[in-house]
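Below is one structure, written out as structure tokens, with a few remarks after it.
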Amino acid sequence: MNSGNILVAAQLSSLYPSSNAVSLVLQTERRNLPLPPPRTDTDSSSEHASYSSTFYAPHTGTILLRVIHAGLILELISLSTDVPPIRFVFPSAVLPAPAIFAWGEKELHILAVISSGSLFRLVLPTVNPTRLWHDPLPKQWSREYVVKNVSDHFYGVVQAQGLLCVVIGLTNGSLIRIEAENIGDDNFHDLWAEHVYSPSSFLGTLTSYLPSLQSSSSAASEILSIASKPQPTELGHVWTLSRDRTLRLWTAKGGCVASKALSLSGNASGESYVTSNGIKSELLGAEPRNLLRVFGNGGDDETTYAVAFTPTPSYPQSGGYFQLVAINSDQMREVQTVECSAPSAHCHLQDFIINDDFLYTLWERQGSSMTERTKLNIAATGGSSAIWETATYGEETDLTPTNLDELLRSPGSLTDKFMTAILRPGVFSPLTLRTAVEQYTDACLSVSGSHPPPPLTSSHPTTAENIAAVVGCTVTLMQDPQTGALQHDRYWNALKRDWEGFVARCREVERSARWPLGLGKGKSRDEVIVIERERVGVYVKEDLPLTVHRYLSDSLPVEPHFAVLDILWTLCDKIGHEALQNLETRIVDILHQEIAFSIVDIIEDQAQRFNFKASLDEPSEASIIARLQGIEDLDGAVRIILDLVAGFEQEVKREEDEVELLLPSSRSDWTTALSASYIMMAVHARYDICIALVTLLFFLADDLKEWDPSLVEEVFAVFRGLAMLRSVARQPAADTGGEQEASDEILTTDDVIARMSNMHVSRNQARFVPTFPLLHRLTGQSGETTELPGAAHRFLDASGMLQSTSPARVTQFEALFCERLRLLGYYEVAREMLAWLPRTPGVVFIAACLYINIGRAEDAAQLMEKVAGSFGHDSGLSLEDAETLASVLPGAVLFDSEFTFYIHASAIFRSNGLTQQEVSFIRLALSVAPQDVDTSELWFGLIRGYIDLGFYEDAYSAIIATPYDSVKRECISQLVYRMCEESTIEQLMSFNFATFSAEIEDALAFKARNTDPRARPFYSRILYTWYTRRGDHRNAARTMYQRARKFQENTAQSTDVIALMEEQLEAYLLAINSLSLLAPKFAWIVIQAPPSAMIDAEYHKRRRLSKNIPDSTFTGDKHDSEIVNLNVLLSPVSIVLRLGQANQFDMAMATARSLDVDMSELFATLTSQCLRLSRNPETVLQEDTSDWLLTDNVSSWPGSHADRGWRYLRVALERHDNAETDFKYSKTAFETILSSDRSSPPPPWLVHSLEENHHEYLIRTSLRYDIIESALEHSLSLLRQANTALSRAPQKAASVTWLPYTLIDQVLAASAQNDLTTRGQGLRTELQTEVNNRVKRMQKMSRFVV
């Protein structure tokens, strides 16, 4: 049984998203080109390539050239580096086949001919291998040559023969040879010479004169394939193969110098015809194909060999045959014919190459790739029976309807199961999923009418979310029209059909994506690259498990030592797929539980419960038992199978491998994806073999007591490892919560200048970083660059997942594997992996860290406490458990005690911001701390944690309990500041800090001095409260006095002066109150003198400070001090005035009453405010009137703001103005009104109040302000009031008869000198009359008395 080869591929759209490619649009000299025709293939995507090839150079690595978007875009992808792709948009479709050539190590040249008849040379820089074409482009990087001998729209086959020659084969058999006489540069274009050659034959010349035969002759000579010797070569010859199987040799000067009609193979001569419309034709198909290759034998042999392929589409035994033609000068002779293999029957040849004396072929077989190779023996002649080696892809998951039905039998959500299936790595590419969901959305919108479901028109951040939201959104839950019951069955069936339709759409698009295109050569001599429309793979050797699995799957005989596997494969086939799945589920359940009994007893018990043999008929069971009895050493055979699935081939190091170890790793995403794909196939093959081995154990459950128990345990341990690897391999590409971020491109100054000069600023756009599957990420971190299968074996071996010998134990490799998943951010996957392992201390520790990551802090703390018992001399850990636990700890060393582990656990919680758990473990550490260990850091962490949690009482208790004074002093300030910031002042004041009061005062004083007094928390107020609570009134006064001075210093920089004055006044009042509580001789404070620049001039005028200037002041290191006593502070009058200016009238009046201060100026201010409100009612919105006008009581009064303001003044006068004050506040209000505006009459209630109490004052004030009419009115009112009192008085005393006649005469005299109004004149006349009557009445009374 020989190890064969296998194909391993990677999906391009998952590695190189189209959004990352830089696109450059090419211009053409041709005008009026037609628009490209619309796409007709609905099963494929425009991103699928129609042509593709590879190029390799040591300084550039392997480059993939792809023609996409119906030939309009040419894309370059670096398979050896992670440089983003670049795309060139052509004016018309690119003809096959464009080519890449290296111009030294500095430039790449791309030669491409487009259907509009232009030849383009694209020059790209390759000076920097890490950037390639993303370096600044040359000035004339795109150079066009218009081909003269073709039309504006033609089709042909293109062959670039090096940098200087391009050959175009036309449909009429002619050949256009375009040679460069000079390659241009930044200043000059290329200089090309164009020649047209026709096939030289007598038949061709004769038929050119016969119109009836001309068309058939032209079709026969149509060139299908062109070939030349691989570069580098000096031979300028070109060979062509036409539809009539004629091989022609074309030289640079002579044109067609030789031709040879290839003979038909004897075995398939009648099957090589092409059938068209039911008519057999001897011509080959008109589709241009790679049917011809040319190579040299090397050395001194100047013979050139051409290999031509002839297809036999109807031949049932092969797909065609190859003919080897030897060419010497212009002589061509057929050397041998190589028949294709039987598997190639009914297949379509896509490409073939000759590499290292091997002929490699690429076949399209039912939409997938199949590669074969055979040794090409040039020395052989005639027909040869070639030995072909076939390579295909490994077993790939195909979501057929049958597989989907099996998938739906498992429990879970229908949508989740379908999403898991389509997102599994390798099933569908991201491009396939995106294309399918776009097609699905368009189909739904076309039938949804004018109101489609919202998911169809909404945008979604990822393709997976788009699929989950869109598929099934048109399915609705209906009600039975007769019963009204919800039709759940119909809903689920419709939803299932919708998902099945979407999966079918994905399968069609993916089938198109996997259509083979060509073969290429890679870095090494034997590396062959297989290119598909949307995948790029390699032809690699399969390892022994893959070979055995392939032989068993294809029912091929295996080697004798693997004979038991053949029996097991038959056993699995006989019990059926469903029973095998049930058995697999039961095994998984066993391994997910703690194994407390012998594994043999568990198998026997489960076999009886499962009734395993009931699914087998008696003949089959007897046959299998008989075959097993034929195995001489069944124990040894099982061990061989274990070695097969758990062992790895030893690699032989090559010299180039040793050299690569000295160089930086150049592993690209593509090579990593290939390794991940190979690992996935290898794991699946080994898993299938191992599940068959486990099936044997259940089949022989009754006889297992005679087996070696360690062997049975090892089988289950290996199965567990493979199951875990298989689960990891199936994890899709998903966002893991930020573990993979786009790395910003680092640009130097030269890069920026270069981009600006070339206007390629768009290249600096943010790149989309694809989310790779988990296995890809794990493989990429290994850093191995060895070729396959060595890289896959190294990864599997390094993982250590197959090294365990018992399912009841955990190795350090398994623990490290789970820890690695956790550190990568795959928390759910890590949790699934941990579920497979027993709860050893190492596993519990990883689970605790995982709980921290997913936010389950309490569960993590419980597990950490359990792990703590595993440290110390009496822990009782086994050697293996100790190694496992140590491997996941820092330094891979166990802690010497619980104390050190508690410290480590608290550090873990602290790094994750889990303060409560951190504090808990610090307490545990302190409880077991040795006597001679310094625990100051732990006490500091404990107190800090309590403070952060807001547990202030616990923090206070810890401060009191800690034996370290330094910790106490450092933590006290933190506690005080935090409590102040959280406004828990009452609780702070309730603490008795005993001997640490000085530290509290220093901390608060520091903040009070250095923070803005207007910013919360108000440390000066808090410090004032602290001093006051403790009876230290002098320090309390000093604190408030300093606060008031800071407000004064900030007055000049503030826009809200009134608010500052309010705060300042409050501070002065509090300082006064504090000093008032002291005895008069002790009512003083000492403060530091402020700098002279900060002392306001008015400040000096209002204060007289006594300075105590001791001799030590003049030493230069002392500050001036001020002694401030109670009398030096602001006077009560000033306080009242400032309160009034701040609109705090209630407080001002209350303060004035308590301090016995005159309130005249205060009422003047209040009256002015009322006048302002009357003139501008919006003043209330512009100023702060909340302390008097917007209070709850005043706001309840009816009327406007002005009405309420006047009422407030009236109430205040009624409360504070009376006979004791001689109604001076009412007089002040009256004069303020007259001073402001004489034309505005005072409020009637104010006039009435003064008339009742000070009538003469009204008259004099009116005269003083020259308001004659008011004086007349008040005089007239006085006379009438006096007359009324006179008539009511029982006796006529002097107090009743007295009147200020002199004042009345002044009013009359003043009125006589002024031009009065008509009303004023009437008032004067009336007053004069009243005075005369009064005088007459007084005279009568005098006579009566006499």
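Residue names in the structure tokens use chain letters A, B, ... in the order shown, residue numbers from 1 in each chain, and ligand numbers from 1 in the order shown.
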Q | DSSP strand (DSSP E) residues within range 253-407 of chain A, as number ranges by chain | A | A: 255-261, 274-276, 279-281, 292-296, 304-311, 320-328, 331-339, 348-355, 358-365, 368-375, 382-384, 389-391
Q | Surrounding residues of Glu1251 in chain A excluding itself and chain neighbours under 6 positions, 10 Å, only C-alpha atoms, as a ChimeraX atom specification | A | /A:1245,1257-1259,1274,1277-1278,1281
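Residue neighbourhood of Leu1077 in chain A, excluding near-sequence residues (fewer than 5 positions): His1033, Ile1072 and Ala1083 of chain A, at 9 Å, using only C-alpha atoms.
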Could you save those same residues with N, CA, C and O atoms as a tab-separated table (two decimals), in the first residue's frame?
chain	number	residue	atom	x	y	z
A	1033	HIS	N	-12.83	76.06	66.97
A	1033	HIS	CA	-13.49	77.14	66.24
A	1033	HIS	C	-12.49	78.08	65.59
A	1033	HIS	O	-12.80	78.71	64.58
A	1072	ILE	N	-17.14	84.55	60.97
A	1072	ILE	CA	-17.59	85.39	62.08
A	1072	ILE	C	-18.27	84.55	63.14
A	1072	ILE	O	-18.04	84.71	64.36
A	1083	ALA	N	-10.58	85.57	70.16
A	1083	ALA	CA	-11.26	85.58	68.85
A	1083	ALA	C	-10.35	86.16	67.78
A	1083	ALA	O	-10.55	87.27	67.29
Q.
When DSSP is applied to the backbone of this structure, which of range 820-1058 of chain A are assigned helix (DSSP H, G or I)? Write them out as a PyMOL selection string.
A. chain A and resi 820-824+827-836+841-853+857-868+879-887+890-892+898-911+915-927+936-949+952-961+965-981+985-990+994-1010+1019-1029+1033-1049+1057-1058
Q) Pick the closest to Thr304 in chain A from A:His873, A:Lys260, A:His348, A:His237: which is it, counting only C-alpha atoms? A) A:His237
Q | Residues near Gln803 in chain A, cut-off 12 Å, only C-alpha atoms, skip fewer than 6 positions along chain, as a PyMOL selection string | A | chain A and resi 642-643+645-648+714-722+796-797+809-814
Store the residues of this selection in a file with C-alpha atoms, as an mmCIF file, in the first residue's frame.
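Saved file part.cif follows:
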data_model
loop_
_atom_site.group_PDB
_atom_site.id
_atom_site.type_symbol
_atom_site.label_atom_id
_atom_site.label_comp_id
_atom_site.auth_asym_id
_atom_site.auth_seq_id
_atom_site.Cartn_x
_atom_site.Cartn_y
_atom_site.Cartn_z
ATOM 1 C CA LEU A 642 -3.242 3.503 18.069
ATOM 2 C CA ASP A 643 0.235 4.210 16.747
ATOM 3 C CA VAL A 645 -3.813 7.595 14.671
ATOM 4 C CA ALA A 646 -1.641 9.055 17.449
ATOM 5 C CA GLY A 647 1.793 8.831 15.824
ATOM 6 C CA PHE A 648 3.583 11.137 13.410
ATOM 7 C CA GLU A 714 -5.375 4.661 25.971
ATOM 8 C CA VAL A 715 -7.926 4.099 23.204
ATOM 9 C CA PHE A 716 -10.400 6.402 24.936
ATOM 10 C CA ALA A 717 -7.699 8.941 25.762
ATOM 11 C CA VAL A 718 -6.647 9.139 22.098
ATOM 12 C CA PHE A 719 -10.287 9.377 21.043
ATOM 13 C CA ARG A 720 -10.763 12.275 23.459
ATOM 14 C CA GLY A 721 -7.781 14.107 22.013
ATOM 15 C CA LEU A 722 -8.953 13.579 18.434
ATOM 16 C CA LEU A 796 -0.337 18.045 15.936
ATOM 17 C CA ASP A 797 2.686 16.730 17.765
ATOM 18 C CA ARG A 809 -5.961 12.043 33.756
ATOM 19 C CA VAL A 810 -4.995 15.326 32.151
ATOM 20 C CA THR A 811 -1.601 16.013 30.659
ATOM 21 C CA GLN A 812 0.059 19.368 30.760
ATOM 22 C CA PHE A 813 -0.251 19.600 26.948
ATOM 23 C CA GLU A 814 -4.028 19.297 27.112
#
Q. Near Ser318 in chain A, counting only C-alpha atoms, which residues have an atom at most 7 Å away, once you skip same-chain residues fewer than 6 positions from it, shown as a list in words?
A. Cys340, Ser341, Ala342, Pro343, Ser344 and Ala345 of chain A
Q: For CA of Ser512 in chain A and CA of Ser44 in chain A, quote the distance in Å rounded to one decimal.
A: 5.6 Å
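Proximity ranking of A:Asn187, A:Asn466, A:Gln1088, A:Ser221 relative to Pro199 in chain A places A:Ser221 first, based on only C-alpha atoms.
Across the structure, CA of Pro773 in chain A and CA of Ala504 in chain A are spaced 23.3 Å apart.
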Q | For Pro1177 in chain A, the nearest of the candidates A:Glu302, A:Gly518, A:Ser1287, A:Gly1199, counting only C-alpha atoms | A | A:Gly1199
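By chain and then residue number, the residues within 12 Å of Pro37 in chain A are His69, Ala70, Gly71, Leu72, Ser92 and Ala93 of chain A, counting only C-alpha atoms and disregarding those fewer than 6 positions away in sequence.
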Residues from last step as file, C-alpha atoms, as a tab-separated table (two decimals), in the first residue's frame:
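Result file is again.tsv:
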chain	number	residue	atom	x	y	z
A	69	HIS	CA	-15.19	40.37	-13.73
A	70	ALA	CA	-15.62	38.87	-17.20
A	71	GLY	CA	-12.04	39.75	-18.14
A	72	LEU	CA	-12.21	43.44	-17.25
A	92	SER	CA	-12.19	45.90	-22.39
A	93	ALA	CA	-11.81	42.19	-21.65
Q: Record the distance separating CA of Phe1018 in chain A and CA of Lys1046 in chain A, expressed in Å with one decimal.
A: 12.7 Å
Would you pick out the contacts of range 599-612 of chain A at 9 Å or less, using only C-alpha atoms, so that residues sharing its chain but fewer than 5 positions from it are not included, and give the list as a short mmCIF file (atom, residue, chain, number, x, y, z; two decimals) with C-alpha atoms, in the first residue's frame?
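Saved the output as around_35.cif:
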data_model
loop_
_atom_site.label_atom_id
_atom_site.label_comp_id
_atom_site.auth_asym_id
_atom_site.auth_seq_id
_atom_site.Cartn_x
_atom_site.Cartn_y
_atom_site.Cartn_z
CA ILE A 575 -24.49 -1.36 12.19
CA ALA A 579 -26.54 3.52 15.25
CA ASN A 582 -25.87 7.16 18.69
CA LEU A 583 -22.80 5.25 19.82
CA ARG A 586 -22.89 7.94 24.14
CA ILE A 587 -19.08 7.90 24.08
CA ILE A 590 -19.04 9.22 28.97
CA LEU A 697 -14.41 -2.15 22.16
CA PHE A 698 -18.19 -1.94 22.47
CA PHE A 699 -18.56 -4.94 20.17
CA LEU A 700 -16.22 -6.96 22.40
CA ALA A 701 -17.52 -5.48 25.68
CA ASP A 702 -18.05 -8.93 27.21
CA LEU A 704 -12.73 -6.69 27.68
CA LYS A 705 -11.98 -7.99 31.17
CA TRP A 707 -7.70 -7.09 27.91
CA PRO A 709 -6.92 -2.06 31.06
CA VAL A 712 -8.53 0.36 26.74
CA GLU A 713 -7.87 3.58 28.61
CA PHE A 716 -10.40 6.40 24.94
CA PRO A 807 -9.22 9.61 30.09
#
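Distances from A:Ser228, A:Ser53, A:Ser870, A:Ser927 to Leu249 in chain A were compared using only C-alpha atoms, and the smallest one belongs to A:Ser228.
The closest residue to Leu1171 in chain A, picked from A:Val1124, A:Ser727, A:Asp1192, A:Ala1229 and counting only C-alpha atoms, is A:Ala1229.
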